[in-house]
Amino acid sequence: MKDARIAILGGGMLGTCTALELARRGRRSTLFEGRQTLLQAASRWNEGKIHLGFLYAGDPTLRTAQRLIPGGLAFAGLVGRLIQRTLDAFITAEDDIYLVHRESVAGPEAFEAYGKRTAALVREAASQPNGRQYLCDVTHAAIRRLSPSDLARITSADEVVAGYRVPERSISTVAVADFMHQATVSEPLVEIRADTRVTAVERRRDGRFGVHTDATSVAPADAPFDVVINALWEGRPAVDASLGIQPIAPWSHRFRAAVFAYAPGISFPSAVLCTGPFGDVKCYADGRVYLSWYSAGLLAEGHAIEPPRISAVLERSRREAVLQGTLQSLSRYLPAIQLFEDSRTVLEVHGGWVYALGQGSLADSTSTLHRRDRFNMTIDRGYISVDTAKYSLAPWLAHRVAELVVFG
């Protein structure tokens, strides 16, 4: 139905990509966003790792890597087409360095074996006739163990027992969010209803949908829609539940905060301490910087149908605690972090909700959070609910949703 009324719930990366993909196919949509502007939560404030699976050595079955690779390879091309520019200026300059922690759930030998198998999957996918172009050339993807001298130049921490250079990059999510926001608000086929949090969806007797919101200052938003796409990240299961749809497995809501800065004068290798509840640093080509430490930034966690929002308020004292905890923890492993203490760089703390099928501690090798292959798309007579799973998958999933809506 070319004139079908389409509602998209959530103005994050998945929601905006879906709206733009539909617009490129000549379809109008109404985009609901609970905040005052688009892309202001986890889609803006996150690491921006464009996953190819290397982080998930806690899943030796390779199922997580196999599911992440297609979306990672497609990311740059899909986003570049939507914002009509290349992403080169916002990517980390070199392949990531993975530092294996002594308490990792996968030791050096296990990580190396896993990394080699994952690299083979990446090479195979990237070399296909319809293979996508990653943020860099990965047709010859391989991991390389750092020599003792190279490792010593990065860290002298005894807890780091090995280091590897891994063919994986990250992208400045702040810059991407700005371009995605501009592309969406400039698109005449997208009607934006900001400051309008969706609370429920109702299936009417005629098969169409009413969308219920908490908005009081705008006209009622419950006019019937033919298609509803639930692209929410925060609160998606609760809206699903209003139609009787439940998650397929135990889940977690986690509010994670990290440190962000614009520091073009500071440069250091992008690195991640793996695998478990550790931290990472990113230095993007546009001068932006990302710093995180898991225990310092994990501010709230819950397993109810709604996230525990009241526990995630980032008041001044909590921001300061995240900032100090992150810098102190990272500087134990990466001396380059001390550059921020000696500079006048403005460091900001921001965060967002993360939803995942899985529970437990990342320090536990049996935790189901090490498995990220079970994300799914629920389709029920015009209602489509999409578990994004990872930021890197949002454009790929949006493309699939648009094709489904237009071509069935």
# chains A, B, ... in the order shown; residues from 1 in each chain; ligands from 1
$ closest_atom_pairs --of "segment 187-219 of chain A" --to "segment 373-390 of chain A" --cutoff "10 Å" --atoms "only C-alpha atoms" --output "CSV"
residue,atom,partner,partner_atom,distance
A:Val201,CA,A:Tyr383,CA,9.3
A:Arg203,CA,A:Tyr383,CA,9.2
A:Gly207,CA,A:Arg381,CA,8.1
A:Arg208,CA,A:Gly382,CA,8.0
A:Phe209,CA,A:Tyr383,CA,8.5
$ write_last_selection --atoms "C-alpha atoms" --output "short mmCIF file (atom, residue, chain, number, x, y, z; two decimals), in the first residue's frame"
data_model
loop_
_atom_site.label_atom_id
_atom_site.label_comp_id
_atom_site.auth_asym_id
_atom_site.auth_seq_id
_atom_site.Cartn_x
_atom_site.Cartn_y
_atom_site.Cartn_z
CA VAL A 201 0.00 0.55 20.81
CA ARG A 203 -4.84 -2.86 17.53
CA GLY A 207 -6.83 -4.08 11.91
CA ARG A 208 -5.15 -0.69 12.06
CA PHE A 209 -3.31 0.73 15.06
#
$ residues_around --residues "Leu39 of chain A" --least-positions-apart "4" --cutoff "7 Å" --atoms "only C-alpha atoms" --output "ChimeraX atom specification"
/A:11-13,43-44,177,181
$ closest_atom_pairs --of "segment 190-284 of chain A" --to "segment 90-107 of chain A" --cutoff "9 Å" --atoms "only C-alpha atoms" --output "tab-separated table"
residue	atom	partner	partner_atom	distance
A:Pro269	CA	A:Ile97	CA	7.4
A:Ser270	CA	A:Asp96	CA	5.5
A:Ala271	CA	A:Ile97	CA	4.5
A:Val272	CA	A:Tyr98	CA	5.1
A:Leu273	CA	A:Leu99	CA	4.7
A:Cys274	CA	A:Val100	CA	5.1
A:Thr275	CA	A:Ser104	CA	4.8
A:Gly276	CA	A:Ser104	CA	5.8
A:Pro277	CA	A:Ser104	CA	8.7
A:Phe278	CA	A:His101	CA	8.4
A:Lys282	CA	A:Thr92	CA	7.0
A:Cys283	CA	A:Thr92	CA	5.9
A:Tyr284	CA	A:Thr92	CA	4.2
$ atom_distance --atom1 "atom CA of Leu82 of chain A" --atom2 "atom CA of Ile50 of chain A"
17.1 Å
$ atom_distance --atom1 "atom CA of Arg372 of chain A" --atom2 "atom CA of Glu33 of chain A"
26.0 Å
$ residues_around --residues "segment 304-311 of chain A" --least-positions-apart "4" --cutoff "9 Å" --atoms "only C-alpha atoms" --output "PyMOL selection string"
chain A and resi 234-238+241+246+251-255+299-300+353+355
$ residues_around --residues "Ile337 of chain A" --least-positions-apart "6" --cutoff "9 Å" --atoms "only C-alpha atoms" --output "PyMOL selection string"
chain A and resi 268+281+291+327-328+330-331
$ select_by_dssp --residues "segment 74-306 of chain A" --states "strand (DSSP E)" --output "JSON, numbers by chain"
{"A": [96, 97, 98, 99, 100, 101, 144, 145, 160, 161, 162, 163, 164, 165, 166, 190, 191, 192, 193, 198, 199, 200, 201, 202, 203, 209, 210, 211, 212, 213, 227, 228, 229, 230, 251, 252, 253, 254, 255, 256, 257, 258, 259, 260, 261, 262, 271, 272, 273, 274, 279, 280, 281, 282, 283, 288, 289, 290, 291, 292, 293, 298, 299, 300, 301, 302]}
$ select_by_dssp --residues "segment 112-227 of chain A" --states "alpha helix (DSSP H)" --output "NGL selection string"
:A and (112-126 or 148-154 or 173-185)
$ residues_around --residues "Lys116 of chain A" --least-positions-apart "5" --cutoff "12 Å" --atoms "only C-alpha atoms" --output "JSON, numbers by chain"
{"A": [53, 54, 57, 60, 62, 65, 109, 110, 111, 121, 122, 123, 140, 141, 142, 143, 144, 145, 164, 165, 166, 167]}
$ write_last_selection --atoms "N, CA and C atoms" --output "PDB file, in the first residue's frame"
ATOM      1  N   GLY A  53      32.524  -8.752  15.343  1.00  0.00           N
ATOM      2  CA  GLY A  53      32.448  -9.937  16.177  1.00  0.00           C
ATOM      3  C   GLY A  53      33.617 -10.192  17.100  1.00  0.00           C
ATOM      4  N   PHE A  54      34.723  -9.443  16.981  1.00  0.00           N
ATOM      5  CA  PHE A  54      35.930  -9.761  17.732  1.00  0.00           C
ATOM      6  C   PHE A  54      35.763  -9.577  19.242  1.00  0.00           C
ATOM      7  N   ALA A  57      34.516 -12.920  22.267  1.00  0.00           N
ATOM      8  CA  ALA A  57      35.253 -14.161  22.472  1.00  0.00           C
ATOM      9  C   ALA A  57      34.608 -15.021  23.546  1.00  0.00           C
ATOM     10  N   PRO A  60      32.332 -18.735  21.995  1.00  0.00           N
ATOM     11  CA  PRO A  60      33.209 -19.478  21.077  1.00  0.00           C
ATOM     12  C   PRO A  60      32.462 -20.211  19.964  1.00  0.00           C
ATOM     13  N   LEU A  62      30.845 -18.807  17.742  1.00  0.00           N
ATOM     14  CA  LEU A  62      30.912 -17.870  16.613  1.00  0.00           C
ATOM     15  C   LEU A  62      29.527 -17.415  16.132  1.00  0.00           C
ATOM     16  N   ALA A  65      29.386 -13.566  16.245  1.00  0.00           N
ATOM     17  CA  ALA A  65      30.168 -12.976  15.156  1.00  0.00           C
ATOM     18  C   ALA A  65      29.448 -13.130  13.823  1.00  0.00           C
ATOM     19  N   GLU A 109      45.380 -17.526  24.545  1.00  0.00           N
ATOM     20  CA  GLU A 109      45.299 -18.587  23.532  1.00  0.00           C
ATOM     21  C   GLU A 109      43.874 -18.723  23.001  1.00  0.00           C
ATOM     22  N   ALA A 110      42.901 -18.666  23.917  1.00  0.00           N
ATOM     23  CA  ALA A 110      41.501 -18.780  23.494  1.00  0.00           C
ATOM     24  C   ALA A 110      41.094 -17.572  22.653  1.00  0.00           C
ATOM     25  N   PHE A 111      41.536 -16.378  23.071  1.00  0.00           N
ATOM     26  CA  PHE A 111      41.180 -15.187  22.294  1.00  0.00           C
ATOM     27  C   PHE A 111      41.825 -15.242  20.910  1.00  0.00           C
ATOM     28  N   LEU A 121      35.911 -15.538   8.956  1.00  0.00           N
ATOM     29  CA  LEU A 121      34.518 -15.232   8.604  1.00  0.00           C
ATOM     30  C   LEU A 121      34.411 -13.864   7.943  1.00  0.00           C
ATOM     31  N   VAL A 122      35.150 -12.893   8.467  1.00  0.00           N
ATOM     32  CA  VAL A 122      35.129 -11.538   7.900  1.00  0.00           C
ATOM     33  C   VAL A 122      35.681 -11.550   6.476  1.00  0.00           C
ATOM     34  N   ARG A 123      36.805 -12.223   6.268  1.00  0.00           N
ATOM     35  CA  ARG A 123      37.391 -12.301   4.922  1.00  0.00           C
ATOM     36  C   ARG A 123      36.408 -12.916   3.935  1.00  0.00           C
ATOM     37  N   HIS A 140      41.386  -8.889   3.571  1.00  0.00           N
ATOM     38  CA  HIS A 140      42.506  -9.697   4.046  1.00  0.00           C
ATOM     39  C   HIS A 140      42.590  -9.648   5.576  1.00  0.00           C
ATOM     40  N   ALA A 141      41.443  -9.581   6.217  1.00  0.00           N
ATOM     41  CA  ALA A 141      41.387  -9.408   7.670  1.00  0.00           C
ATOM     42  C   ALA A 141      42.201 -10.476   8.402  1.00  0.00           C
ATOM     43  N   ALA A 142      42.955 -10.027   9.405  1.00  0.00           N
ATOM     44  CA  ALA A 142      43.743 -10.942  10.235  1.00  0.00           C
ATOM     45  C   ALA A 142      44.024 -10.253  11.561  1.00  0.00           C
ATOM     46  N   ILE A 143      44.218 -11.035  12.614  1.00  0.00           N
ATOM     47  CA  ILE A 143      44.651 -10.449  13.877  1.00  0.00           C
ATOM     48  C   ILE A 143      46.139 -10.699  14.026  1.00  0.00           C
ATOM     49  N   ARG A 144      46.809  -9.768  14.680  1.00  0.00           N
ATOM     50  CA  ARG A 144      48.263  -9.870  14.830  1.00  0.00           C
ATOM     51  C   ARG A 144      48.634  -9.627  16.287  1.00  0.00           C
ATOM     52  N   ARG A 145      49.360 -10.574  16.867  1.00  0.00           N
ATOM     53  CA  ARG A 145      49.769 -10.438  18.263  1.00  0.00           C
ATOM     54  C   ARG A 145      50.880  -9.404  18.362  1.00  0.00           C
ATOM     55  N   TYR A 164      46.641  -7.631  20.900  1.00  0.00           N
ATOM     56  CA  TYR A 164      46.436  -7.995  19.496  1.00  0.00           C
ATOM     57  C   TYR A 164      45.928  -6.782  18.728  1.00  0.00           C
ATOM     58  N   ARG A 165      46.410  -6.653  17.511  1.00  0.00           N
ATOM     59  CA  ARG A 165      45.818  -5.652  16.611  1.00  0.00           C
ATOM     60  C   ARG A 165      44.741  -6.371  15.806  1.00  0.00           C
ATOM     61  N   VAL A 166      43.551  -5.804  15.830  1.00  0.00           N
ATOM     62  CA  VAL A 166      42.359  -6.458  15.298  1.00  0.00           C
ATOM     63  C   VAL A 166      41.725  -5.580  14.224  1.00  0.00           C
ATOM     64  N   PRO A 167      41.323  -6.143  13.070  1.00  0.00           N
ATOM     65  CA  PRO A 167      40.778  -5.345  11.964  1.00  0.00           C
ATOM     66  C   PRO A 167      39.343  -4.886  12.221  1.00  0.00           C
TER      67      PRO A 167
END
$ decode --residues "segment 7-28 of chain A" --atoms "N, CA and C atoms" --output "tab-separated table (two decimals), in the first residue's frame"
chain	number	residue	atom	x	y	z
A	7	ALA	N	3.81	4.51	11.25
A	7	ALA	CA	4.34	5.12	12.47
A	7	ALA	C	5.66	4.44	12.83
A	8	ILE	N	6.65	5.24	13.17
A	8	ILE	CA	7.93	4.72	13.65
A	8	ILE	C	8.12	5.22	15.07
A	9	LEU	N	8.32	4.30	15.99
A	9	LEU	CA	8.46	4.65	17.39
A	9	LEU	C	9.94	4.68	17.76
A	10	GLY	N	10.42	5.87	18.10
A	10	GLY	CA	11.82	6.00	18.49
A	10	GLY	C	12.64	6.74	17.47
A	11	GLY	N	13.22	7.87	17.86
A	11	GLY	CA	14.02	8.68	16.96
A	11	GLY	C	15.51	8.53	17.19
A	12	GLY	N	15.94	7.29	17.46
A	12	GLY	CA	17.36	7.01	17.56
A	12	GLY	C	17.90	6.59	16.21
A	13	MET	N	19.02	5.85	16.23
A	13	MET	CA	19.66	5.47	14.98
A	13	MET	C	18.77	4.57	14.14
A	14	LEU	N	18.13	3.59	14.77
A	14	LEU	CA	17.26	2.69	14.02
A	14	LEU	C	16.04	3.42	13.47
A	15	GLY	N	15.41	4.25	14.29
A	15	GLY	CA	14.22	4.95	13.86
A	15	GLY	C	14.47	5.93	12.74
A	16	THR	N	15.55	6.72	12.85
A	16	THR	CA	15.84	7.71	11.80
A	16	THR	C	16.28	7.02	10.52
A	17	CYS	N	17.09	5.97	10.64
A	17	CYS	CA	17.49	5.24	9.43
A	17	CYS	C	16.27	4.64	8.73
A	18	THR	N	15.34	4.10	9.51
A	18	THR	CA	14.14	3.51	8.92
A	18	THR	C	13.30	4.56	8.22
A	19	ALA	N	13.12	5.71	8.86
A	19	ALA	CA	12.33	6.78	8.25
A	19	ALA	C	12.96	7.24	6.94
A	20	LEU	N	14.29	7.38	6.92
A	20	LEU	CA	14.97	7.83	5.70
A	20	LEU	C	14.95	6.75	4.63
A	21	GLU	N	15.10	5.50	5.02
A	21	GLU	CA	15.02	4.42	4.03
A	21	GLU	C	13.63	4.37	3.40
A	22	LEU	N	12.60	4.55	4.18
A	22	LEU	CA	11.25	4.57	3.63
A	22	LEU	C	11.06	5.78	2.72
A	23	ALA	N	11.59	6.92	3.12
A	23	ALA	CA	11.47	8.12	2.28
A	23	ALA	C	12.16	7.94	0.94
A	24	ARG	N	13.31	7.24	0.94
A	24	ARG	CA	14.01	6.99	-0.33
A	24	ARG	C	13.17	6.12	-1.26
A	25	ARG	N	12.19	5.42	-0.68
A	25	ARG	CA	11.30	4.58	-1.48
A	25	ARG	C	9.94	5.24	-1.70
A	26	GLY	N	9.88	6.53	-1.38
A	26	GLY	CA	8.66	7.30	-1.64
A	26	GLY	C	7.57	7.13	-0.61
A	27	ARG	N	7.92	6.61	0.59
A	27	ARG	CA	6.91	6.38	1.63
A	27	ARG	C	7.00	7.43	2.72
A	28	ARG	N	5.84	7.93	3.12
A	28	ARG	CA	5.75	8.86	4.24
A	28	ARG	C	5.71	8.10	5.55
